[in-house]
Structure formats: structure tokens, C-alpha cells
>>> print(open('run_25.cif').read())   # mmCIF, C-alpha atoms and all ligand atoms
data_data
#
loop_
_atom_site.label_atom_id
_atom_site.label_comp_id
_atom_site.auth_asym_id
_atom_site.auth_seq_id
_atom_site.Cartn_x
_atom_site.Cartn_y
_atom_site.Cartn_z
CA MET A 1 30.53 2.92 -38.05
CA VAL A 2 30.01 6.54 -37.00
CA GLU A 3 32.92 9.01 -37.12
CA PRO A 4 32.35 11.07 -33.94
CA GLU A 5 34.55 13.94 -35.09
CA GLU A 6 32.24 14.37 -38.08
CA PHE A 7 29.00 13.39 -36.40
CA VAL A 8 29.24 15.70 -33.37
CA PRO A 9 29.60 19.07 -35.17
CA GLU A 10 26.93 18.01 -37.68
CA ALA A 11 24.50 17.02 -34.93
CA ILE A 12 25.12 20.27 -33.05
CA GLU A 13 24.58 22.27 -36.22
CA GLU A 14 21.38 20.35 -36.96
CA ILE A 15 19.98 21.07 -33.48
CA LYS A 16 20.84 24.77 -33.88
CA GLN A 17 19.09 24.88 -37.22
CA GLN A 18 16.02 23.02 -35.99
CA MET A 19 15.67 25.25 -32.94
CA GLY A 20 16.41 28.53 -34.64
CA ALA A 21 17.21 31.63 -32.64
CA GLU A 22 14.70 31.25 -29.85
CA GLY A 23 12.41 28.91 -27.94
CA ARG A 24 13.16 26.19 -25.44
CA ALA A 25 13.36 22.43 -25.94
CA VAL A 26 12.40 19.83 -23.36
CA MET A 27 14.04 16.48 -23.36
CA ALA A 28 13.53 13.33 -21.36
CA LEU A 29 16.75 12.44 -19.59
CA SER A 30 16.89 8.87 -18.31
CA GLY A 31 20.47 8.58 -17.15
CA GLY A 32 21.23 6.16 -20.00
CA VAL A 33 23.80 6.80 -22.69
CA ASP A 34 21.33 7.75 -25.48
CA SER A 35 19.56 10.57 -23.69
CA SER A 36 22.79 11.73 -22.02
CA VAL A 37 24.50 12.12 -25.39
CA CYS A 38 21.48 14.06 -26.65
CA ALA A 39 21.55 16.33 -23.60
CA ALA A 40 25.26 17.01 -24.10
CA LEU A 41 24.82 17.73 -27.82
CA ALA A 42 21.83 19.98 -27.17
CA TYR A 43 23.65 21.84 -24.42
CA GLU A 44 26.57 22.45 -26.79
CA ALA A 45 24.11 23.68 -29.42
CA VAL A 46 21.74 25.90 -27.43
CA GLY A 47 22.93 25.99 -23.80
CA GLU A 48 20.25 26.48 -21.17
CA ARG A 49 17.55 26.66 -23.86
CA VAL A 50 17.40 22.89 -23.43
CA VAL A 51 15.45 21.76 -20.36
CA PRO A 52 16.33 18.16 -19.48
CA VAL A 53 13.55 16.51 -17.51
CA TYR A 54 14.41 13.50 -15.42
CA VAL A 55 11.33 11.67 -14.16
CA ASP A 56 11.97 9.40 -11.19
CA THR A 57 9.36 6.75 -11.97
CA GLY A 58 10.50 4.47 -9.15
CA LEU A 59 11.30 1.96 -11.91
CA MET A 60 14.88 3.13 -12.34
CA ARG A 61 18.18 1.45 -11.58
CA LYS A 62 19.77 1.65 -8.16
CA GLY A 63 21.35 5.07 -7.65
CA GLU A 64 20.12 6.40 -11.00
CA THR A 65 18.53 9.59 -9.67
CA ALA A 66 21.64 10.52 -7.70
CA ALA A 67 23.84 9.76 -10.73
CA VAL A 68 21.78 12.04 -12.97
CA GLU A 69 21.88 14.84 -10.42
CA GLU A 70 25.63 14.39 -10.16
CA ALA A 71 26.29 14.30 -13.92
CA PHE A 72 23.90 17.04 -15.04
CA GLY A 73 23.42 19.10 -11.88
CA THR A 74 25.54 21.89 -13.31
CA MET A 75 22.82 22.54 -15.91
CA GLU A 76 20.55 25.03 -14.18
CA SER A 77 17.64 24.09 -16.41
CA LEU A 78 17.63 20.42 -15.21
CA ARG A 79 14.27 19.35 -13.75
CA VAL A 80 14.05 16.29 -11.46
CA VAL A 81 10.49 15.09 -10.87
CA ASP A 82 9.64 12.61 -8.13
CA ALA A 83 6.74 10.63 -9.64
CA ARG A 84 7.31 7.33 -7.83
CA GLN A 85 3.95 7.06 -6.10
CA ARG A 86 2.12 8.19 -9.18
CA PHE A 87 3.56 5.36 -11.26
CA LEU A 88 2.88 2.75 -8.58
CA ASP A 89 -0.74 3.90 -8.40
CA ALA A 90 -1.14 3.81 -12.18
CA LEU A 91 0.34 0.30 -12.34
CA ASP A 92 -1.88 -1.06 -9.61
CA ASP A 93 -3.37 -4.39 -10.81
CA VAL A 94 -1.76 -4.13 -14.26
CA VAL A 95 -0.23 -7.52 -15.15
CA ASP A 96 -0.06 -7.71 -18.94
CA PRO A 97 3.37 -6.69 -20.35
CA GLU A 98 2.06 -4.57 -23.20
CA GLU A 99 -0.51 -2.98 -20.92
CA LYS A 100 2.31 -2.10 -18.51
CA ARG A 101 4.26 -0.42 -21.32
CA LYS A 102 1.16 1.52 -22.33
CA VAL A 103 0.37 2.67 -18.79
CA ILE A 104 3.96 3.71 -18.17
CA GLY A 105 4.15 5.49 -21.52
CA GLU A 106 0.95 7.40 -20.85
CA GLU A 107 1.89 8.31 -17.32
CA PHE A 108 5.31 9.41 -18.44
CA MET A 109 3.74 11.57 -21.14
CA ARG A 110 1.44 13.27 -18.66
CA VAL A 111 4.30 14.19 -16.34
CA PHE A 112 6.43 15.27 -19.27
CA GLU A 113 3.60 17.28 -20.79
CA GLN A 114 3.24 19.27 -17.59
CA GLU A 115 6.97 19.98 -17.50
CA ALA A 116 6.95 21.02 -21.15
CA ARG A 117 4.11 23.45 -20.47
CA ASP A 118 5.87 24.83 -17.40
CA ALA A 119 9.03 25.32 -19.47
CA ASP A 120 7.00 26.84 -22.29
CA ALA A 121 8.87 24.56 -24.69
CA ARG A 122 8.34 24.58 -28.43
CA TYR A 123 10.70 21.74 -29.20
CA CYS A 124 11.19 18.24 -27.96
CA ILE A 125 14.48 16.36 -28.11
CA GLN A 126 14.40 12.56 -27.90
CA GLY A 127 17.16 9.99 -27.52
CA THR A 128 15.58 7.50 -29.91
CA ILE A 129 18.19 5.27 -31.55
CA TYR A 130 17.96 3.21 -34.73
CA PRO A 131 16.98 -0.19 -33.21
CA ASP A 132 14.13 1.47 -31.20
CA ARG A 133 12.57 2.57 -34.47
CA ILE A 134 13.04 -0.78 -36.19
CA GLU A 135 11.48 -2.77 -33.35
CA SER A 136 8.55 -0.38 -32.97
CA GLU A 137 7.88 -0.12 -36.69
CA GLY A 138 8.14 -3.90 -36.98
CA GLY A 139 5.48 -4.23 -34.29
CA ILE A 140 7.67 -6.40 -32.06
CA LYS A 141 6.83 -4.34 -28.99
CA SER A 142 5.74 -0.85 -28.19
CA HIS A 143 8.83 0.98 -27.02
CA HIS A 144 7.51 3.66 -24.78
CA ASN A 145 9.96 6.30 -25.90
CA VAL A 146 8.83 6.16 -29.52
CA GLY A 147 5.71 7.75 -30.90
CA GLY A 148 2.87 9.30 -28.97
CA LEU A 149 4.41 12.57 -27.92
CA PRO A 150 3.69 14.58 -31.07
CA ASP A 151 -0.03 13.73 -30.90
CA VAL A 152 -0.41 14.97 -27.37
CA LEU A 153 1.87 17.95 -27.35
CA ASP A 154 1.90 20.58 -29.94
CA PHE A 155 5.63 20.90 -30.45
CA ASP A 156 6.98 22.76 -33.45
CA GLU A 157 9.46 19.99 -33.92
CA ILE A 158 10.62 16.66 -32.52
CA ILE A 159 14.39 16.47 -32.68
CA GLU A 160 16.10 13.09 -32.59
CA PRO A 161 19.86 13.66 -32.79
CA VAL A 162 20.95 9.99 -32.55
CA ARG A 163 18.13 8.44 -34.58
CA GLU A 164 20.49 6.87 -37.14
CA LEU A 165 22.92 5.37 -34.61
CA TYR A 166 23.28 1.96 -33.05
CA LYS A 167 24.02 1.71 -29.34
CA ASP A 168 27.76 1.04 -29.84
CA GLU A 169 27.95 4.12 -32.04
CA VAL A 170 26.22 6.24 -29.39
CA ARG A 171 28.89 5.03 -26.94
CA GLU A 172 31.64 6.12 -29.36
CA VAL A 173 30.07 9.57 -29.44
CA ALA A 174 29.74 9.61 -25.62
CA ARG A 175 33.47 8.82 -25.26
CA TYR A 176 34.33 11.51 -27.79
CA LEU A 177 32.21 13.99 -25.80
CA ASP A 178 34.13 12.98 -22.65
CA LEU A 179 31.01 11.96 -20.76
CA PRO A 180 31.82 10.06 -17.55
CA GLU A 181 32.55 6.35 -18.05
CA GLU A 182 29.56 5.39 -15.90
CA ILE A 183 27.46 6.91 -18.65
CA SER A 184 29.36 6.03 -21.84
CA GLU A 185 29.84 2.39 -20.81
CA ARG A 186 26.52 1.96 -19.03
CA MET A 187 24.44 -1.01 -20.03
CA PRO A 188 21.20 -0.43 -21.88
CA PHE A 189 18.12 -0.18 -19.69
CA PRO A 190 14.55 -0.45 -20.97
CA GLY A 191 12.30 2.62 -21.02
CA PRO A 192 9.65 0.91 -18.83
CA GLY A 193 12.49 0.11 -16.44
CA LEU A 194 12.17 -2.48 -13.71
CA ALA A 195 8.46 -2.93 -14.49
CA VAL A 196 9.47 -5.36 -17.27
CA ARG A 197 11.82 -7.14 -14.85
CA VAL A 198 9.04 -8.19 -12.50
CA ILE A 199 6.59 -10.65 -13.96
CA GLY A 200 2.97 -9.79 -13.31
CA GLU A 201 1.87 -7.19 -10.82
CA VAL A 202 4.29 -4.33 -10.10
CA THR A 203 4.77 -3.88 -6.36
CA GLU A 204 7.30 -2.01 -4.32
CA ASP A 205 8.83 -5.14 -2.80
CA LYS A 206 9.25 -6.86 -6.20
CA LEU A 207 10.83 -3.69 -7.60
CA HIS A 208 13.16 -3.54 -4.61
CA ALA A 209 14.29 -7.13 -5.21
CA ALA A 210 14.82 -6.58 -8.96
CA ARG A 211 16.68 -3.31 -8.36
CA GLU A 212 19.04 -4.63 -5.69
CA ALA A 213 19.62 -7.92 -7.49
CA THR A 214 20.37 -6.17 -10.80
CA ALA A 215 22.99 -4.02 -9.05
CA ILE A 216 24.55 -7.15 -7.50
CA VAL A 217 24.61 -8.92 -10.88
CA GLU A 218 26.37 -5.98 -12.51
CA GLU A 219 28.95 -5.77 -9.72
CA GLU A 220 29.69 -9.48 -9.50
CA LEU A 221 30.04 -9.88 -13.26
CA GLU A 222 32.50 -7.03 -13.34
CA GLU A 223 34.36 -8.57 -10.42
CA GLY A 224 34.50 -11.85 -12.36
CA GLY A 225 36.04 -10.08 -15.38
CA TYR A 226 32.92 -10.02 -17.59
CA ASP A 227 31.80 -7.09 -19.69
CA PRO A 228 28.38 -8.12 -20.99
CA TRP A 229 26.35 -6.03 -23.42
CA GLN A 230 23.50 -6.27 -20.94
CA ALA A 231 22.97 -8.01 -17.62
CA LEU A 232 19.99 -8.02 -15.31
CA ALA A 233 18.01 -9.73 -12.62
CA ALA A 234 14.27 -10.26 -12.81
CA VAL A 235 11.66 -11.40 -10.33
CA VAL A 236 10.00 -14.26 -12.18
CA GLY A 237 7.75 -15.89 -9.61
CA LYS A 238 7.62 -17.46 -6.18
CA GLY A 239 9.13 -20.65 -4.86
CA THR A 240 9.72 -22.46 -1.61
CA GLY A 241 13.00 -22.12 0.26
CA VAL A 242 14.52 -22.54 3.69
CA LYS A 243 15.88 -19.52 5.50
CA GLY A 244 17.24 -20.02 8.98
CA ASP A 245 14.93 -22.63 10.50
CA ASN A 246 11.91 -21.63 8.47
CA ARG A 247 10.38 -22.67 5.22
CA VAL A 248 9.63 -19.54 3.22
CA HIS A 249 7.68 -18.82 0.09
CA GLY A 250 10.01 -16.30 -1.54
CA TRP A 251 10.83 -14.70 -4.86
CA ILE A 252 12.60 -16.54 -7.63
CA VAL A 253 15.19 -14.24 -9.17
CA ALA A 254 16.41 -14.98 -12.70
CA VAL A 255 19.84 -13.72 -13.72
CA ARG A 256 20.57 -12.90 -17.34
CA ALA A 257 23.80 -11.80 -19.04
CA VAL A 258 24.04 -11.46 -22.81
CA GLU A 259 26.32 -10.41 -25.63
CA SER A 260 24.76 -8.47 -28.48
CA ARG A 261 25.45 -5.74 -30.99
CA ASP A 262 22.13 -3.99 -31.03
CA GLY A 263 19.76 -6.00 -28.86
CA MET A 264 17.94 -7.46 -31.87
CA THR A 265 19.64 -10.82 -31.31
CA ALA A 266 21.63 -11.85 -28.25
CA GLN A 267 23.70 -14.73 -26.93
CA ALA A 268 23.54 -15.83 -23.31
CA ILE A 269 27.02 -15.69 -21.76
CA ASP A 270 28.79 -18.75 -20.34
CA VAL A 271 29.27 -17.38 -16.80
CA ASP A 272 31.51 -19.50 -14.53
CA TRP A 273 30.12 -21.33 -11.54
CA GLN A 274 32.01 -19.33 -8.93
CA THR A 275 30.66 -16.02 -10.23
CA LEU A 276 27.15 -17.44 -10.38
CA GLN A 277 27.49 -18.67 -6.80
CA SER A 278 28.75 -15.25 -5.64
CA ILE A 279 25.67 -13.68 -7.22
CA GLN A 280 23.41 -16.28 -5.64
CA SER A 281 24.82 -15.93 -2.14
CA ARG A 282 24.73 -12.13 -2.19
CA VAL A 283 21.21 -11.97 -3.61
CA THR A 284 19.72 -14.52 -1.19
CA GLY A 285 21.88 -13.23 1.68
CA THR A 286 20.93 -9.56 1.39
CA LEU A 287 17.34 -9.91 0.21
CA PRO A 288 15.29 -11.81 2.79
CA ASP A 289 12.35 -12.22 0.40
CA VAL A 290 14.36 -14.07 -2.25
CA ALA A 291 14.26 -17.85 -1.95
CA ARG A 292 16.19 -18.88 -5.04
CA VAL A 293 18.32 -17.67 -7.92
CA VAL A 294 18.40 -19.21 -11.41
CA TYR A 295 20.58 -18.46 -14.45
CA ASP A 296 18.94 -18.01 -17.85
CA VAL A 297 20.81 -19.83 -20.65
CA THR A 298 18.42 -18.85 -23.48
CA HIS A 299 19.62 -16.88 -26.49
CA LYS A 300 17.49 -14.28 -28.35
CA PRO A 301 15.74 -15.67 -30.28
CA PRO A 302 13.83 -17.56 -28.99
CA ALA A 303 13.75 -15.54 -25.73
CA THR A 304 13.83 -11.76 -25.54
CA ILE A 305 16.44 -10.07 -23.35
CA GLU A 306 13.93 -8.65 -20.88
CA TYR A 307 11.35 -10.88 -19.21
CA GLU A 308 8.30 -9.04 -20.43
P1 LIG A 401 14.13 -7.37 -25.70
O1 LIG A 401 13.61 -7.68 -24.34
O2 LIG A 401 13.07 -6.93 -26.65
O3 LIG A 401 15.09 -6.11 -25.50
O4 LIG A 401 14.99 -8.45 -26.27
C1 LIG A 401 15.96 -5.59 -26.48
C2 LIG A 401 16.59 -4.33 -25.90
O5 LIG A 401 15.60 -3.32 -25.76
C3 LIG A 401 15.41 -2.97 -24.39
N1 LIG A 401 13.97 -2.83 -24.21
C4 LIG A 401 13.30 -1.67 -24.22
N2 LIG A 401 13.75 -0.41 -24.35
N3 LIG A 401 11.52 0.38 -24.16
C5 LIG A 401 12.86 0.61 -24.32
O6 LIG A 401 13.24 1.78 -24.40
C6 LIG A 401 11.00 -0.87 -24.03
O7 LIG A 401 9.80 -1.05 -23.91
C7 LIG A 401 11.95 -1.94 -24.06
N4 LIG A 401 11.82 -3.27 -23.97
C8 LIG A 401 13.07 -3.80 -24.05
C9 LIG A 401 16.03 -4.10 -23.60
O8 LIG A 401 16.48 -3.66 -22.32
C10 LIG A 401 17.16 -4.53 -24.51
O9 LIG A 401 18.30 -3.71 -24.36
#
>>> encode(input="run_25.cif", output="C-alpha cells")
Amino acid sequence: MVEPEEFVPEAIEEIKQQMGAEGRAVMALSGGVDSSVCAALAYEAVGERVVPVYVDTGLMRKGETAAVEEAFGTMESLRVVDARQRFLDALDDVVDPEEKRKVIGEEFMRVFEQEARDADARYCIQGTIYPDRIESEGGIKSHHNVGGLPDVLDFDEIIEPVRELYKDEVREVARYLDLPEEISERMPFPGPGLAVRVIGEVTEDKLHAAREATAIVEEELEEGGYDPWQALAAVVGKGTGVKGDNRVHGWIVAVRAVESRDGMTAQAIDVDWQTLQSIQSRVTGTLPDVARVVYDVTHKPPATIEYE
């Protein structure tokens, strides 16, 4: 287990050394704990020489953009890019999960590349953590935040301050750095975002359902006294339902809540009936396009945590 009081000064020193006396670094800020810790460490190390770039892909969690602006708005170098339409266009007609990851990764890189050029950055800081590297190297799936960047952009150096840490260790560091609880305790969220929580084609209405339902799942689980490692809602298909006096052909939303240490294996949580019913009634009640809600009881393996 990491010792934050040792890790933090070492990481800051390492960033200082890697960046030398001059030159800016860009870093992709997602609002998650990994990139937030990196931003805080980099800011401690080199101040405004780090340019955090937050790309609003339209695939983010509910309220994520506002939360990032709130948490990091004091950093004058922060860049917030609205790329929502761009990502929707790029994902038009893309249905294969790995293809989605590739398209999102490429699109993200293009936006990021432009920002890096604008910032005249020589360095790139990434919030890659240990399990990201293992899963990518093992060929399980192409995590979009790993690899790729160095080929496209001619950075002097790629800096990965938390590359040796597991998620729970990153949280320890976040607490030590006094980052807000919404960040240090925030559940993991995949790089490709809600695109891997809608099966098949990515459309605005499916994203809306997955986004709103995921927020409801998080709130209701907390209300019910649960503190899962990760919880989510995914749009998994269409089914028939009855709303008011009408038969409807609406979305099927799958709810998932798991315990895990590092996401490599996971156990589905035994959520009580009342909590599940609260989730169901809020999701179907507030989202007119959702016809039914199901709970996923599958561990990992054999299932993955995300749906794609
Ligand atoms: P799976 O679905 O593979 O997820 O069981 C394990 C953990 O990784 C997250 N995840 C991703 N993170 N890029 C990421 O940065 C990705 O492509 C990706 N796919 C899954 C997932 O949310 C879970 O925490």
C-alpha cells in the first residue's frame, strides 16, 4: 500500500525533474480521481506551467463539466473544450465496442493535439494507473487513455505520476492532498464514457438515458447505505412496456453495482429489493423512453463491469 506522505513529495520532485526549468505540460483532465490527483501534483510541482485540458465529449457523467470547472476553475491555465457534437458525428453508425473505443480515442487525440499545439506544450502528463497498463498490455481491451499519444505528438516526455498505483492507492493520495470528497471518493468511470454504457449505436437519447439513470443509481445506492466500488446503468436494448394507456417500445436499462479492488475481478452486490424498486420507479418515472429496468447479478469474470 502506498504511503502518501512519502509518495507525494517524491512524485512532485519527479515531475519537476522531468519538466526541468521551462516548458509547459498539457494533461487530459477527466474529472475522475486519477487525472485530478495528477493535476494537483503537477500544479504543486510547476504551477501554471501545467495546462489541464478537459474535453467535454458529451459522453461524461451528469454534472461532470460543472464539477471540473468548480474544482479546477482557480487554475488559470485550465482549458474546457466543448466537443460534444464532434464526438456524436464521429460515432455516427459505429456499433462495434472496440471500434467505438478506437474512434473515441482518435477523436480525443485530435482535440487534445490541437490544445497541446495552442499551449505550445513540450510535455504530456497522463493519469494512467497500474491496472490500465496491465489490461492494455494483456490485450484485454484497448483503453483509450493508454498508448497512441507519443506517436502523434512530438512531446519531449510523457509523464505518468500515478502509473504504479492501484485505484484505492490513488484515493489515499487524493485524501492526503485534501481534494474534495466528490473527487477522492468518486467511482471509476471508463475513458470512453457513456459510449460503452449504450449497446450498439451511440445516440443522444440513449446517452441521455444512460447518464440520468447512472446518476439515479448512484444516488439511490447511497441512500440505501451502499458504497459500491462501481455502479452504473446501461442502455442494453429495447423492450415492450405500458406507460399510461399506451404500449411503448422503450429502452431496457440494466443496473450494475460491484465490489472490486482494482476492476480486474468484481463481485455483483446483493442489493435489497426496496432499493432496487426505488431505482426502478425513479428511472422509469423520470425517463419516458425507458420501459424496463433489470439488475445484473453477474460477477467478473465471466462478465466485464461495463457492457461493452
Ligand atoms: P471492464 O468493463 O473491463 O472494466 O470490467 C474494468 C474497469 O475499467 C473501466 N474501463 C475503462 N477505462 N478505458 C478506461 O479508461 C476503457 O476503455 C475502459 N473500459 C472499461 C471500467 O469502468 C471499470 O472500472
>>> residues_around(input="run_25.cif", residues="segment 214-224 of chain A", least_positions_apart="5", cutoff="8 Å", atoms="all atoms listed in the file", output="list in words")
Arg61, Lys62, Ala231, Leu232, Ala233, Ala234, Val255, Thr275, Ser278, Ile279, Arg282 and Val283 of chain A
>>> residues_near_ligand(input="run_25.cif", ligand="ligand LIG 401 (chain A)", cutoff="10 Å", atoms="all atoms listed in the file", output="ChimeraX atom specification")
/A:97-98,100-102,104-105,127-129,131-132,135-136,140-146,167,187-197,229-232,258,260-266,299-308
>>> closest_residue(input="run_25.cif", among="A:Val26, A:Val293, A:Leu287, A:Val162", to="His208 of chain A", atoms="all atoms listed in the file")
A:Leu287
>>> axis_aligned_box(input="run_25.cif", around="segment 59-72 of chain A", padding_each_side="6 Å", output="lines of an AutoDock Vina configuration file")
center_x = 18.8
center_y = 9.2
center_z = -11.3
size_x = 27.0
size_y = 27.6
size_z = 19.4
>>> atom_distance(input="run_25.cif", atom1="atom CA of Glu3 of chain A", atom2="atom CA of Val173 of chain A")
8.2 Å
>>> atom_distance(input="run_25.cif", atom1="atom CA of Ala40 of chain A", atom2="atom CA of Ala11 of chain A")
10.9 Å
>>> atom_distance(input="run_25.cif", atom1="atom CA of Val37 of chain A", atom2="atom CA of Ala174 of chain A")
5.8 Å
>>> residues_around(input="run_25.cif", residues="Pro288 of chain A", least_positions_apart="2", cutoff="10 Å", atoms="all atoms listed in the file", output="count of residues only")
11
>>> closest_residue(input="run_25.cif", among="A:Thr203, A:Ser36, A:Thr298, A:Gln17", to="Asp178 of chain A", atoms="all atoms listed in the file")
A:Ser36
>>> residues_near_point(input="run_25.cif", point="(13.3, 12.0, -19.0)", cutoff="6 Å", atoms="all atoms listed in the file", output="list in words")
Ala28, Leu29, Ser30, Val53, Tyr54 and Val55 of chain A
>>> residues_around(input="run_25.cif", residues="Val202 of chain A", least_positions_apart="4", cutoff="8 Å", atoms="only C-alpha atoms", output="mmCIF file with C-alpha atoms, in the frame of the given file")
data_model
loop_
_atom_site.group_PDB
_atom_site.id
_atom_site.type_symbol
_atom_site.label_atom_id
_atom_site.label_comp_id
_atom_site.auth_asym_id
_atom_site.auth_seq_id
_atom_site.Cartn_x
_atom_site.Cartn_y
_atom_site.Cartn_z
ATOM 1 C CA LEU A 88 2.880 2.750 -8.580
ATOM 2 C CA LEU A 91 0.340 0.300 -12.340
ATOM 3 C CA ASP A 92 -1.880 -1.060 -9.610
ATOM 4 C CA ASP A 93 -3.370 -4.390 -10.810
ATOM 5 C CA VAL A 94 -1.760 -4.130 -14.260
ATOM 6 C CA VAL A 95 -0.230 -7.520 -15.150
ATOM 7 C CA ALA A 195 8.460 -2.930 -14.490
ATOM 8 C CA VAL A 198 9.040 -8.190 -12.500
ATOM 9 C CA LYS A 206 9.250 -6.860 -6.200
ATOM 10 C CA LEU A 207 10.830 -3.690 -7.600
#
